[in-house]
Each structure stands twice: as C-alpha cells, then as structure tokens.
$ cat protein-v2.txt   # compact mmCIF, C-alpha atoms and all ligand atoms
# COMPACT_ATOMS: atom_id res chain seq x y z
CA MET A 777 -29.35 7.38 -8.22
CA ARG A 778 -30.07 10.21 -5.89
CA SER A 779 -33.09 11.19 -7.95
CA GLN A 780 -34.82 7.92 -7.01
CA ARG A 781 -35.84 9.33 -3.67
CA ARG A 782 -36.83 12.76 -4.83
CA GLY A 783 -39.78 11.92 -7.00
CA SER A 784 -41.04 15.49 -7.39
CA VAL A 785 -37.68 17.23 -7.75
CA SER A 786 -36.64 18.03 -11.30
CA ALA A 787 -33.69 16.24 -12.83
CA ALA A 788 -31.99 19.59 -13.42
CA ALA A 789 -32.25 20.53 -9.75
CA VAL A 790 -30.80 17.18 -8.74
CA ALA A 791 -27.99 17.52 -11.26
CA SER A 792 -27.10 20.96 -9.98
CA GLU A 793 -27.15 19.73 -6.39
CA ILE A 794 -24.77 16.93 -7.29
CA LEU A 795 -22.53 19.43 -9.04
CA VAL A 796 -22.47 21.67 -5.96
CA LYS A 797 -21.80 18.66 -3.79
CA SER A 798 -18.94 17.48 -5.93
CA ARG A 799 -17.48 20.99 -6.02
CA ASN A 800 -17.63 21.05 -2.25
CA CYS A 801 -15.99 17.65 -2.14
CA TYR A 802 -12.95 18.56 -4.03
CA HIS A 803 -12.59 22.29 -3.59
CA ALA A 804 -13.96 23.43 -0.27
CA GLY A 805 -13.48 20.26 1.74
CA MET A 806 -17.08 20.55 2.99
CA THR A 807 -18.01 16.92 2.69
CA GLN A 808 -20.20 14.59 4.64
CA PRO A 809 -18.29 12.01 6.63
CA ASN A 810 -17.22 9.01 4.62
CA LEU A 811 -18.72 5.65 5.54
CA PHE A 812 -16.08 3.89 3.42
CA GLY A 813 -13.15 3.11 5.69
CA LEU A 814 -15.13 2.36 8.86
CA GLU A 815 -14.49 -1.01 10.46
CA ARG A 816 -17.19 -3.25 11.91
CA ALA A 817 -17.50 -1.66 15.37
CA PRO A 818 -17.93 1.98 14.28
CA LEU A 819 -20.25 0.82 11.50
CA GLU A 820 -22.40 -0.94 14.09
CA GLY A 821 -22.47 2.34 16.03
CA VAL A 822 -23.67 4.25 12.97
CA LEU A 823 -26.47 1.78 12.29
CA ARG A 824 -27.46 1.60 15.95
CA GLU A 825 -27.90 5.37 15.91
CA LEU A 826 -30.20 4.95 12.94
CA GLY A 827 -32.21 2.47 15.02
CA GLU A 828 -31.05 -0.57 13.09
CA PRO A 829 -30.05 -4.00 14.45
CA THR A 830 -26.41 -5.14 14.51
CA TYR A 831 -26.74 -7.50 11.56
CA ARG A 832 -27.45 -4.52 9.31
CA ALA A 833 -23.88 -3.32 9.92
CA ARG A 834 -22.66 -6.66 8.63
CA GLN A 835 -24.72 -6.20 5.46
CA VAL A 836 -23.37 -2.69 4.90
CA TYR A 837 -19.82 -3.91 5.60
CA ALA A 838 -20.19 -6.59 2.92
CA TRP A 839 -21.41 -3.96 0.43
CA LEU A 840 -18.60 -1.54 1.23
CA TYR A 841 -15.69 -3.96 1.11
CA GLY A 842 -16.80 -7.35 -0.18
CA LYS A 843 -18.77 -6.04 -3.16
CA ARG A 844 -17.19 -2.58 -3.23
CA ALA A 845 -20.46 -0.78 -3.99
CA ARG A 846 -20.10 2.77 -5.31
CA SER A 847 -23.36 4.11 -3.83
CA PHE A 848 -25.93 3.38 -1.14
CA ALA A 849 -28.52 2.89 -3.88
CA GLU A 850 -26.76 -0.34 -4.86
CA MET A 851 -27.28 -1.86 -1.41
CA THR A 852 -30.49 -3.55 -2.44
CA ASN A 853 -30.93 -5.77 0.59
CA LEU A 854 -31.38 -2.65 2.74
CA ALA A 855 -34.79 -0.96 2.93
CA ARG A 856 -35.10 1.99 0.58
CA ASP A 857 -35.71 4.29 3.53
CA LEU A 858 -32.50 3.19 5.25
CA ARG A 859 -30.53 3.77 2.05
CA ARG A 860 -32.02 7.27 1.89
CA ARG A 861 -31.12 8.05 5.50
CA LEU A 862 -27.57 6.76 5.00
CA ASP A 863 -27.24 8.85 1.88
CA GLU A 864 -28.43 11.96 3.70
CA ALA A 865 -25.86 11.72 6.46
CA TRP A 866 -22.92 9.94 4.85
CA ASP A 867 -20.81 9.89 1.73
CA LEU A 868 -19.41 6.80 0.09
CA ARG A 869 -16.27 7.82 -1.70
CA TRP A 870 -12.89 6.51 -2.79
CA PRO A 871 -9.87 8.70 -3.51
CA GLN A 872 -10.15 10.30 -6.93
CA VAL A 873 -7.96 8.89 -9.70
CA GLN A 874 -6.35 11.87 -11.38
CA GLU A 875 -4.06 10.10 -13.80
CA ARG A 876 -3.21 6.62 -15.04
CA SER A 877 0.10 5.77 -16.71
CA LEU A 878 0.63 2.52 -18.58
CA SER A 879 4.08 0.93 -18.85
CA TYR A 880 5.25 -1.12 -21.84
CA ASP A 881 5.34 -4.11 -19.46
CA GLY A 882 1.66 -3.80 -18.51
CA THR A 883 2.32 -2.15 -15.13
CA ARG A 884 -0.14 0.64 -14.45
CA LYS A 885 0.51 3.57 -12.13
CA TYR A 886 -2.37 5.48 -10.55
CA LEU A 887 -2.05 9.02 -9.30
CA PHE A 888 -4.73 9.89 -6.75
CA ARG A 889 -5.54 13.46 -5.78
CA LEU A 890 -6.75 13.64 -2.18
CA GLU A 891 -9.22 16.16 -0.86
CA ASP A 892 -6.56 18.46 0.59
CA GLY A 893 -4.62 18.45 -2.68
CA ALA A 894 -2.00 15.89 -1.57
CA THR A 895 -1.16 13.33 -4.23
CA ILE A 896 -0.30 9.67 -3.75
CA GLU A 897 0.46 6.81 -6.08
CA SER A 898 -0.41 3.13 -6.33
CA VAL A 899 0.88 0.58 -8.78
CA TYR A 900 -0.89 -2.34 -10.44
CA ILE A 901 1.45 -5.12 -11.57
CA PRO A 902 -0.03 -7.89 -13.72
CA GLU A 903 1.83 -11.17 -13.92
CA GLU A 904 1.00 -14.48 -15.52
CA SER A 905 -0.19 -16.28 -12.45
CA ARG A 906 -1.11 -13.40 -10.15
CA ARG A 907 -1.62 -9.67 -9.95
CA THR A 908 -0.26 -7.30 -7.37
CA ILE A 909 -1.33 -3.92 -6.03
CA CYS A 910 1.31 -1.78 -4.38
CA ILE A 911 -0.22 0.83 -2.06
CA SER A 912 0.94 3.95 -0.23
CA THR A 913 0.37 4.73 3.45
CA GLN A 914 1.72 8.29 3.59
CA ALA A 915 1.79 11.22 1.19
CA GLY A 916 5.56 11.43 0.74
CA CYS A 917 7.89 9.88 3.29
CA PRO A 918 9.82 11.37 6.23
CA LEU A 919 12.60 8.74 6.27
CA LYS A 920 14.91 10.15 3.61
CA CYS A 921 16.73 6.96 2.63
CA ALA A 922 19.59 8.12 0.40
CA PHE A 923 18.53 6.07 -2.65
CA CYS A 924 14.75 6.64 -2.58
CA LEU A 925 13.08 9.43 -4.51
CA THR A 926 9.94 9.36 -2.40
CA GLY A 927 11.96 10.59 0.56
CA ILE A 928 13.85 13.15 -1.48
CA ALA A 929 10.51 14.61 -2.63
CA GLY A 930 9.51 15.30 0.99
CA TYR A 931 6.74 14.40 3.40
CA GLN A 932 3.19 15.69 3.62
CA ARG A 933 1.05 13.58 5.94
CA ASN A 934 -0.28 10.23 7.06
CA LEU A 935 -3.11 8.76 5.00
CA LYS A 936 -6.45 7.92 6.55
CA THR A 937 -7.83 4.37 6.54
CA TRP A 938 -10.25 5.12 3.71
CA GLU A 939 -7.49 6.66 1.61
CA ILE A 940 -5.43 3.46 1.98
CA LEU A 941 -8.34 1.09 1.35
CA GLY A 942 -9.65 3.25 -1.48
CA GLN A 943 -6.45 2.72 -3.47
CA VAL A 944 -7.07 -1.03 -3.42
CA ALA A 945 -10.75 -0.61 -4.26
CA ALA A 946 -10.06 1.70 -7.19
CA VAL A 947 -7.30 -0.48 -8.65
CA MET A 948 -9.28 -3.72 -8.21
CA GLU A 949 -12.27 -2.11 -9.89
CA GLU A 950 -10.22 -1.58 -13.05
CA GLY A 951 -8.27 -4.85 -12.90
CA PRO A 952 -9.13 -7.69 -15.24
CA ARG A 953 -11.97 -9.90 -14.05
CA GLU A 954 -9.97 -13.15 -14.38
CA PRO A 955 -10.08 -15.29 -11.27
CA LEU A 956 -6.40 -14.71 -10.44
CA PRO A 957 -5.49 -14.15 -6.80
CA TRP A 958 -4.72 -10.61 -5.68
CA ASN A 959 -1.52 -9.78 -3.84
CA VAL A 960 -1.28 -6.54 -1.96
CA VAL A 961 2.09 -5.10 -1.01
CA VAL A 962 2.42 -2.13 1.32
CA MET A 963 5.52 -0.89 -0.49
CA GLY A 964 4.40 2.35 -2.05
CA MET A 965 5.01 5.82 -0.69
CA GLY A 966 5.63 6.19 3.02
CA GLU A 967 6.57 4.13 6.04
CA PRO A 968 3.51 2.10 7.06
CA LEU A 969 4.60 1.64 10.67
CA LEU A 970 4.77 5.42 11.15
CA ASN A 971 1.03 5.43 10.33
CA TYR A 972 0.18 2.43 12.46
CA GLU A 973 -3.49 2.83 13.36
CA ALA A 974 -4.76 3.71 9.88
CA THR A 975 -2.56 1.12 8.19
CA VAL A 976 -3.46 -1.75 10.50
CA SER A 977 -7.14 -0.84 10.35
CA ALA A 978 -6.93 -0.98 6.53
CA LEU A 979 -5.06 -4.31 6.69
CA ARG A 980 -7.78 -5.82 8.90
CA VAL A 981 -10.45 -4.93 6.34
CA LEU A 982 -8.26 -6.17 3.47
CA MET A 983 -7.65 -9.54 5.15
CA ASP A 984 -11.20 -9.99 6.43
CA PRO A 985 -12.97 -12.78 4.50
CA GLU A 986 -16.13 -10.62 4.55
CA GLY A 987 -14.09 -7.58 3.52
CA PHE A 988 -11.63 -7.57 0.61
CA ALA A 989 -10.77 -11.21 1.40
CA VAL A 990 -7.06 -10.94 0.58
CA ALA A 991 -5.32 -13.96 2.16
CA PRO A 992 -2.82 -12.87 4.87
CA LYS A 993 -0.05 -14.77 3.10
CA LYS A 994 -0.75 -12.66 -0.01
CA LEU A 995 -0.35 -9.39 1.84
CA THR A 996 3.13 -8.06 2.61
CA LEU A 997 4.08 -5.02 4.63
CA SER A 998 7.52 -3.54 4.05
CA THR A 999 9.16 -1.49 6.78
CA VAL A 1000 12.52 -0.14 7.85
CA GLY A 1001 11.67 -1.56 11.29
CA ILE A 1002 10.01 1.02 13.52
CA LEU A 1003 10.51 -1.12 16.62
CA PRO A 1004 7.64 -0.19 18.96
CA ALA A 1005 5.17 -0.48 16.08
CA LEU A 1006 6.71 -3.74 14.87
CA GLU A 1007 6.29 -5.21 18.37
CA LYS A 1008 2.64 -4.16 18.32
CA LEU A 1009 2.08 -5.65 14.87
CA MET A 1010 3.39 -9.02 16.09
CA HIS A 1011 0.58 -9.17 18.58
CA GLU A 1012 -2.26 -8.34 16.19
CA PRO A 1013 -4.66 -11.25 15.80
CA VAL A 1014 -4.27 -11.25 11.99
CA ARG A 1015 -0.93 -10.24 10.51
CA PRO A 1016 0.49 -9.75 7.03
CA ASN A 1017 3.83 -11.05 5.78
CA LEU A 1018 6.78 -8.95 6.79
CA ALA A 1019 9.56 -7.52 4.64
CA ILE A 1020 12.37 -5.59 6.30
CA SER A 1021 14.34 -2.96 4.40
CA LEU A 1022 17.88 -3.96 5.33
CA HIS A 1023 20.02 -2.65 2.45
CA ALA A 1024 23.39 -3.12 4.15
CA PRO A 1025 25.21 -6.00 5.88
CA ASN A 1026 26.44 -3.85 8.77
CA GLN A 1027 25.35 -0.97 10.93
CA ALA A 1028 27.83 1.62 9.64
CA LEU A 1029 26.83 1.26 5.99
CA ARG A 1030 23.14 1.02 6.86
CA ARG A 1031 23.44 4.25 8.82
CA ALA A 1032 25.03 5.99 5.85
CA LEU A 1033 22.11 4.95 3.63
CA MET A 1034 19.19 5.14 6.05
CA PRO A 1035 19.06 7.88 8.70
CA ILE A 1036 16.49 5.86 10.71
CA GLU A 1037 19.24 3.36 11.54
CA GLU A 1038 20.40 5.76 14.25
CA LYS A 1039 17.10 5.31 16.09
CA TYR A 1040 16.33 1.68 15.30
CA GLY A 1041 19.61 -0.18 14.87
CA LEU A 1042 20.25 -3.17 12.66
CA SER A 1043 20.74 -5.76 15.41
CA ASP A 1044 17.53 -4.79 17.25
CA VAL A 1045 15.54 -4.68 14.01
CA MET A 1046 16.88 -8.09 13.03
CA ALA A 1047 16.09 -9.61 16.40
CA ALA A 1048 12.52 -8.29 16.25
CA ALA A 1049 12.04 -9.41 12.64
CA LEU A 1050 13.19 -12.94 13.47
CA ARG A 1051 10.53 -13.16 16.18
CA TYR A 1052 7.76 -12.05 13.82
CA PRO A 1053 5.15 -14.78 13.34
CA ILE A 1054 4.78 -15.01 9.57
CA PRO A 1055 1.41 -16.35 8.37
CA ARG A 1056 1.38 -20.08 7.63
CA GLY A 1057 4.97 -20.64 8.69
CA GLY A 1058 6.43 -18.51 5.87
CA LEU A 1059 9.77 -16.72 6.01
CA VAL A 1060 10.47 -13.11 6.84
CA THR A 1061 11.95 -11.25 3.85
CA PHE A 1062 14.95 -8.96 3.98
CA GLU A 1063 15.04 -6.43 1.15
CA TYR A 1064 18.44 -5.36 -0.08
CA VAL A 1065 18.67 -2.63 -2.71
CA LEU A 1066 21.88 -3.11 -4.72
CA LEU A 1067 23.86 0.09 -5.31
CA ARG A 1068 26.86 -0.09 -7.61
CA GLY A 1069 30.17 0.14 -5.77
CA VAL A 1070 28.42 0.81 -2.45
CA ASN A 1071 26.90 -2.44 -1.16
CA ASP A 1072 27.13 -4.86 -4.12
CA ALA A 1073 30.61 -6.38 -3.64
CA PRO A 1074 31.16 -10.12 -3.04
CA ALA A 1075 32.70 -9.31 0.36
CA GLN A 1076 29.45 -7.59 1.33
CA ALA A 1077 27.45 -10.59 0.15
CA ARG A 1078 29.59 -12.78 2.43
CA GLU A 1079 29.05 -10.35 5.29
CA LEU A 1080 25.30 -10.65 4.67
CA VAL A 1081 25.62 -14.43 4.80
CA ARG A 1082 27.29 -14.14 8.21
CA LEU A 1083 24.46 -11.87 9.40
CA LEU A 1084 21.55 -13.95 8.12
CA GLY A 1085 22.93 -17.48 7.77
CA GLY A 1086 21.23 -20.09 9.93
CA HIS A 1087 18.04 -18.06 10.29
CA ARG A 1088 14.74 -18.85 8.58
CA VAL A 1089 14.74 -15.85 6.23
CA LYS A 1090 14.72 -15.01 2.57
CA VAL A 1091 16.46 -12.18 0.79
CA ASN A 1092 14.99 -10.09 -1.97
CA LEU A 1093 17.70 -8.29 -3.95
CA ILE A 1094 16.46 -5.10 -5.61
CA PRO A 1095 18.80 -3.65 -8.27
CA LEU A 1096 18.52 0.11 -7.83
CA ASN A 1097 15.89 1.83 -9.92
CA PRO A 1098 17.86 4.90 -10.93
CA ALA A 1099 16.63 8.46 -11.25
CA ARG A 1100 18.33 11.77 -11.85
CA ASP A 1101 18.24 12.96 -8.24
CA ILE A 1102 19.44 9.68 -6.77
CA PRO A 1103 23.22 9.85 -6.21
CA PHE A 1104 23.75 6.13 -6.94
CA THR A 1105 24.00 3.90 -9.97
CA ALA A 1106 22.35 0.56 -10.69
CA PRO A 1107 24.62 -2.46 -10.17
CA ALA A 1108 26.19 -4.26 -13.12
CA PRO A 1109 24.17 -7.40 -14.00
CA GLU A 1110 27.24 -9.57 -13.27
CA ALA A 1111 27.47 -8.05 -9.78
CA VAL A 1112 23.82 -8.91 -9.16
CA ASP A 1113 24.44 -12.49 -10.32
CA ALA A 1114 27.56 -12.90 -8.20
CA PHE A 1115 25.86 -11.43 -5.10
CA CYS A 1116 22.87 -13.70 -5.59
CA ARG A 1117 25.03 -16.80 -6.06
CA ILE A 1118 26.98 -16.19 -2.84
CA LEU A 1119 23.73 -16.12 -0.87
CA ALA A 1120 22.28 -19.13 -2.66
CA ASN A 1121 25.46 -21.16 -2.12
CA ALA A 1122 25.13 -20.43 1.59
CA HIS A 1123 21.59 -21.93 1.42
CA ILE A 1124 19.82 -18.61 1.88
CA THR A 1125 16.62 -18.36 -0.15
CA VAL A 1126 17.19 -15.43 -2.49
CA SER A 1127 15.30 -13.75 -5.32
CA VAL A 1128 16.04 -10.76 -7.52
CA ARG A 1129 13.19 -8.29 -7.94
CA ARG A 1130 12.50 -7.65 -11.57
CA PRO A 1131 11.92 -3.93 -12.08
CA ARG A 1132 8.36 -3.22 -13.23
CA GLY A 1133 7.10 0.02 -14.71
CA GLN A 1134 10.48 1.80 -14.72
CA ASP A 1135 9.53 3.77 -17.83
CA ILE A 1136 6.58 5.36 -16.02
CA LEU A 1137 8.47 5.81 -12.73
CA ALA A 1138 6.36 3.18 -11.04
CA ALA A 1139 9.20 0.96 -9.80
CA CYS A 1140 10.32 0.82 -6.16
CA GLY A 1141 11.60 4.13 -4.89
CA GLN A 1142 10.47 6.03 -7.98
CA LEU A 1143 7.00 7.06 -6.88
CA HIS A 1144 5.86 10.67 -6.69
CA LEU A 1145 7.93 12.12 -9.47
CA LYS A 1146 7.68 13.56 -12.91
CA ARG A 1147 8.89 11.82 -16.06
CA ALA A 1148 11.60 14.42 -16.73
CA GLU A 1149 13.45 13.30 -13.64
CA LEU A 1150 14.13 9.79 -14.91
CA ALA A 1151 17.84 9.22 -15.47
CA PRO A 1152 19.12 7.79 -18.73
CA PRO A 1153 19.34 3.99 -18.45
CA ALA A 1154 22.48 2.81 -16.66
CA HIS A 1155 23.04 -0.10 -19.06
CA PRO A 1156 22.00 0.90 -22.56
N1 LIG B 1 9.05 2.58 3.81
C1 LIG B 1 8.92 1.17 3.58
C2 LIG B 1 8.11 0.79 2.36
C3 LIG B 1 8.33 1.50 1.03
S1 LIG B 1 9.64 1.16 -0.05
C4 LIG B 1 10.30 0.55 3.51
O1 LIG B 1 11.27 1.27 3.43
O2 LIG B 1 10.40 -0.67 3.56
C5 LIG B 1 9.63 -0.44 -0.70
C6 LIG B 1 11.07 -0.93 -1.00
O3 LIG B 1 11.68 -0.27 -2.13
C7 LIG B 1 11.99 -0.68 0.18
O4 LIG B 1 12.76 -1.79 0.45
C8 LIG B 1 12.82 0.47 -0.34
O5 LIG B 1 14.00 0.59 0.35
C9 LIG B 1 13.00 0.11 -1.80
N2 LIG B 1 13.50 1.23 -2.62
C10 LIG B 1 13.47 2.54 -2.34
N3 LIG B 1 14.05 3.27 -3.31
C11 LIG B 1 14.46 2.39 -4.24
C12 LIG B 1 15.11 2.54 -5.51
N4 LIG B 1 15.44 3.74 -5.99
N5 LIG B 1 15.38 1.43 -6.21
C13 LIG B 1 15.02 0.21 -5.74
N6 LIG B 1 14.39 0.03 -4.56
C14 LIG B 1 14.12 1.10 -3.81

$ encode --input "protein-v2.txt" --output "structure tokens" --more "lines below"
Ligand code: SAH
Amino acid sequence: MRSQRRGSVSAAAVASEILVKSRNCYHAGMTQPNLFGLERAPLEGVLRELGEPTYRARQVYAWLYGKRARSFAEMTNLARDLRRRLDEAWDLRWPQVQERSLSYDGTRKYLFRLEDGATIESVYIPEESRRTICISTQAGCPLKCAFCLTGIAGYQRNLKTWEILGQVAAVMEEGPREPLPWNVVVMGMGEPLLNYEATVSALRVLMDPEGFAVAPKKLTLSTVGILPALEKLMHEPVRPNLAISLHAPNQALRRALMPIEEKYGLSDVMAAALRYPIPRGGLVTFEYVLLRGVNDAPAQARELVRLLGGHRVKVNLIPLNPARDIPFTAPAPEAVDAFCRILANAHITVSVRRPRGQDILAACGQLHLKRAELAPPAHP
C-alpha cells in the first residue's frame, strides 16, 4: 500500500523500508505516534494542523473505529494526498497478536505482545445468541486478591487507550461475521478504575455509535470499587453496566481475601454501587467467587441475603477457577446449588457463571499464566 505513493521507488526498496520500520516498531520502540486510539477532539486537532476541515476528523474517526481500517490507504473518501501526509506522520497500529489458544468449548484466548515487551490477554467467548470479548486494562494487576492468579503474577503497568481498544479491534476482526450482537466485558487483567483515563476514553469510543457501536447495556465494567474513580464514572455522560467484585458477605472475610478492602470498605463500596445509574434501568451486579469451605456455606448465603436483600441488584456466583498457585479449592456443585437457592428464595436475581476456556487458562482469574500451572481438576 505504501508503494502506491512512491511511483519511482523500487518495490525492493519499499519492502526493505517496511522491514526496517517494523523492526523499529517492535524492537527499538522508535515508532511514529499512533493515530488509532485518539478520540474525536485530538483527531480534530491533528487534521486541523494538516489544514483540513473538522468534518474530515469525523471521516477518519469512522474509518478507525467504525470500519476498523488497517491502513490509511483504505480510507478512500480522503484525498490521496491527505492519506499520504497522514501516513508520513502517523502510524495506524493495533497491539500485535503473539499467540491464540483455542479451548474445546470454542473460547479463544489471545496473547498480545506490547511494544515494551509486556504481555496482556483477551478472551473471545462465543455463545449461541451472542459473543463476548473480555479485555484487559493493565498488564498484570496490583490488587493481589488471594484467589486470582493475575495478581499473584504481579503488576507491570497501565495500558494506553489504543492498547485497550486494539484488543477489541483485533478480536472482532477474527470473529465470525454473523450478525450477532457483541458484548464487551472489562474483566480481563487489571483493575480498570486504577487506569481511569485510558479505560474511560476507550469505553467512550466503544460505545460511540460512530465508533465501535457497542450498546452501553452490552458493555460491563468489573471493579473492586475504587471509590473516587467510581464516583467519577457515575457522572460520565455515557456509562457501562457495573459489576462489583464483592466475594464475601462481611468486611472481615472480604479483607482476608482482598487487600483493597482496607482502603475501600464493603459498606462504602456497596453504598456507591447502589447509587450507580445503570443503563436502561438495569441492575448492578455483585460478583461472588465461591471458594470451598471459605465463603460457600449456607450461613454465608443468608448473610449475603441480609446484606443485599431489598436492593435492586443481581448476584453472579463464580465457582472458583482453580490453579496450582491459588490456595483455594473450587466449591462442591451441591454447595453452589444450595448457595444459589438461598439467594433465589430471598428473591435476589442470581446466576452462576459457567466457566469458559478453563483448559486454556482463559477463565476468570486465570489470565497471564502458563499451561503447566493449571491444577488438576477439583471434581474429576
Ligand atoms: N479487577 C477487576 C476486574 C477483573 S476480574 C475486578 O476485580 O472486578 C473479573 C472477575 O473474576 C472478578 O470478579 C474477579 O474477582 C474474578 N476472579 C478472579 N480470580 C478468579 C478465579 N480464580 N476464579 C474465578 N473468578 C475469579
């Protein structure tokens, strides 16, 4: 595509230039700035500097996010000369897929290698009536919840907007073309509200009808409840659904499982979550990972009923996805059933998350690890 504008330059010279450029990209970090990831206002600034009117930015925006073009050459409603000038000053790149793993259940895990060598993972989950992309917002996670391997593996850094959006673009590109709706869940590696600006900027582009056009009710952000950021999120003009990682019916047990509880306590997190304006009058979700003998007893289910009863909430029970380094065991299926029934009998909307992609370590809390670390199944 680059050769189009270099009529007299030999193909070999162009090829070698591209090679040098791609080496620079991935090995020396000497890249041109990336246009992918810019929101409307900065994009308008870029085009203004190139002497173009504001509506051009809207056209480029639609190419970047609505059509997910891979090069400036594809942007055929822009003058050839503008495409050339964009190409000279800017890159258009998504994070590089380094590896894909396919689960027996159709779940696909993507490993992306970022330009500084950090690796992140995203998961594609096909279902009969919908398909879901689970994305990461940090390389690793600083929260160190006792049952989550991502935290055990450590923390590297916040992702940039383009690195978050690029996961969705890359996974959508390879998804089946059927006209099924896309769900996006911010439940991969990291705590999204510790990377507020980049995450919310990515969410705006995802939910924008001229961007990725994911309906707000089909986008869910999961958080432990970083309070100042949660307050800010409530006041954003467009918001995703909210899921709160609760995991215990009382403060003492939550503190034992989640160190962040010391900073943002259960009662404050609950109060904030209950004020959160869910899109289209939906319900806020409380996630509760079930750990055998730790938080899966009927008495704890009843305590959870006392905590949540009477509020407009739903509970998502997540039987632990086990791994060798996690010092907990998955709950017995009967314990999951009993726990679920106690909530349902108390008229709390409850669902049990079916594990997807466990065999490729793509299930919740399993991201960022190697196959050898998977524990033998708890219930053979
Ligand atoms: N940091 C955010 C989002 C990422 S985790 C948060 O904590 O909400 C998405 C969900 O998977 C969270 O509810 C998390 O607690 C849960 N999870 C973590 N490890 C798990 C494991 N080993 N098995 C099952 N669920 C797990």

$ residues_near_ligand --input "protein-v2.txt" --ligand "ligand LIG 1 (chain B)" --cutoff "9 Å" --atoms "all atoms listed in the file" --output "count of residues only"
56

$ closest_residue --input "protein-v2.txt" --among "A:Gly942, A:Pro1107, A:Pro818, A:Pro952" --to "Leu982 of chain A" --atoms "all atoms listed in the file"
A:Gly942

$ atom_distance --input "protein-v2.txt" --atom1 "atom CA of Ala845 of chain A" --atom2 "atom CA of Arg1015 of chain A"
26.1 Å

$ atom_distance --input "protein-v2.txt" --atom1 "atom CA of Leu935 of chain A" --atom2 "atom CA of Gly882 of chain A"
27.1 Å

$ closest_residue --input "protein-v2.txt" --among "A:Ala929, A:Val899, A:Pro1025, A:Leu1137" --to "Ser1043 of chain A" --atoms "only C-alpha atoms"
A:Pro1025

$ residues_around --input "protein-v2.txt" --residues "Phe988 of chain A" --least-positions-apart "5" --cutoff "9 Å" --atoms "all atoms listed in the file" --output "list in words"
Ala838, Tyr841, Gly842, Lys843, Arg844, Val944, Ala945, Val981, Leu982 and Met983 of chain A

$ write_last_selection --input "protein-v2.txt" --atoms "C-alpha atoms" --output "mmCIF file, in the frame of the given file"
data_model
loop_
_atom_site.group_PDB
_atom_site.id
_atom_site.type_symbol
_atom_site.label_atom_id
_atom_site.label_comp_id
_atom_site.auth_asym_id
_atom_site.auth_seq_id
_atom_site.Cartn_x
_atom_site.Cartn_y
_atom_site.Cartn_z
ATOM 1 C CA ALA A 838 -20.190 -6.590 2.920
ATOM 2 C CA TYR A 841 -15.690 -3.960 1.110
ATOM 3 C CA GLY A 842 -16.800 -7.350 -0.180
ATOM 4 C CA LYS A 843 -18.770 -6.040 -3.160
ATOM 5 C CA ARG A 844 -17.190 -2.580 -3.230
ATOM 6 C CA VAL A 944 -7.070 -1.030 -3.420
ATOM 7 C CA ALA A 945 -10.750 -0.610 -4.260
ATOM 8 C CA VAL A 981 -10.450 -4.930 6.340
ATOM 9 C CA LEU A 982 -8.260 -6.170 3.470
ATOM 10 C CA MET A 983 -7.650 -9.540 5.150
#

$ residues_near_point --input "protein-v2.txt" --point "(-32.2, 6.8, 13.2)" --cutoff "12 Å" --atoms "all atoms listed in the file" --output "compact mmCIF listing (two decimals) with C-alpha atoms, in the frame of the given file"
# COMPACT_ATOMS: atom_id res chain seq x y z
CA GLY A 821 -22.47 2.34 16.03
CA VAL A 822 -23.67 4.25 12.97
CA LEU A 823 -26.47 1.78 12.29
CA ARG A 824 -27.46 1.60 15.95
CA GLU A 825 -27.90 5.37 15.91
CA LEU A 826 -30.20 4.95 12.94
CA GLY A 827 -32.21 2.47 15.02
CA GLU A 828 -31.05 -0.57 13.09
CA PRO A 829 -30.05 -4.00 14.45
CA ASP A 857 -35.71 4.29 3.53
CA LEU A 858 -32.50 3.19 5.25
CA ARG A 859 -30.53 3.77 2.05
CA ARG A 860 -32.02 7.27 1.89
CA ARG A 861 -31.12 8.05 5.50
CA LEU A 862 -27.57 6.76 5.00
CA GLU A 864 -28.43 11.96 3.70
CA ALA A 865 -25.86 11.72 6.46

$ closest_residue --input "protein-v2.txt" --among "A:Ile911, A:Val947, A:Ile901, A:Ala991" --to "Gln872 of chain A" --atoms "only C-alpha atoms"
A:Val947

$ residues_near_point --input "protein-v2.txt" --point "(1.9, -13.7, 8.6)" --cutoff "12 Å" --atoms "all atoms listed in the file" --output "PyMOL selection string"
chain A and resi 979+983+991-997+1009-1019+1049+1051-1061

$ atom_distance --input "protein-v2.txt" --atom1 "atom CA of Leu956 of chain A" --atom2 "atom CA of Gly987 of chain A"
17.5 Å

$ closest_residue --input "protein-v2.txt" --among "A:Ala1073, A:Ala1122, A:Val990, A:Ile1136" --to "Ala1108 of chain A" --atoms "all atoms listed in the file"
A:Ala1073

$ closest_residue --input "protein-v2.txt" --among "A:Ala1075, A:Ile909, A:Leu1084, A:Leu868" --to "Arg846 of chain A" --atoms "all atoms listed in the file"
A:Leu868

$ closest_residue --input "protein-v2.txt" --among "A:Phe1115, A:Lys1008, A:Leu1029, A:Leu1083" --to "Ala1048 of chain A" --atoms "only C-alpha atoms"
A:Lys1008

$ residues_around --input "protein-v2.txt" --residues "Arg1082 of chain A" --least-positions-apart "4" --cutoff "12 Å" --atoms "only C-alpha atoms" --output "MDAnalysis selection string"
chainID A and resid 1025:1026 1075:1078 1086:1087 1118:1119 1122:1124
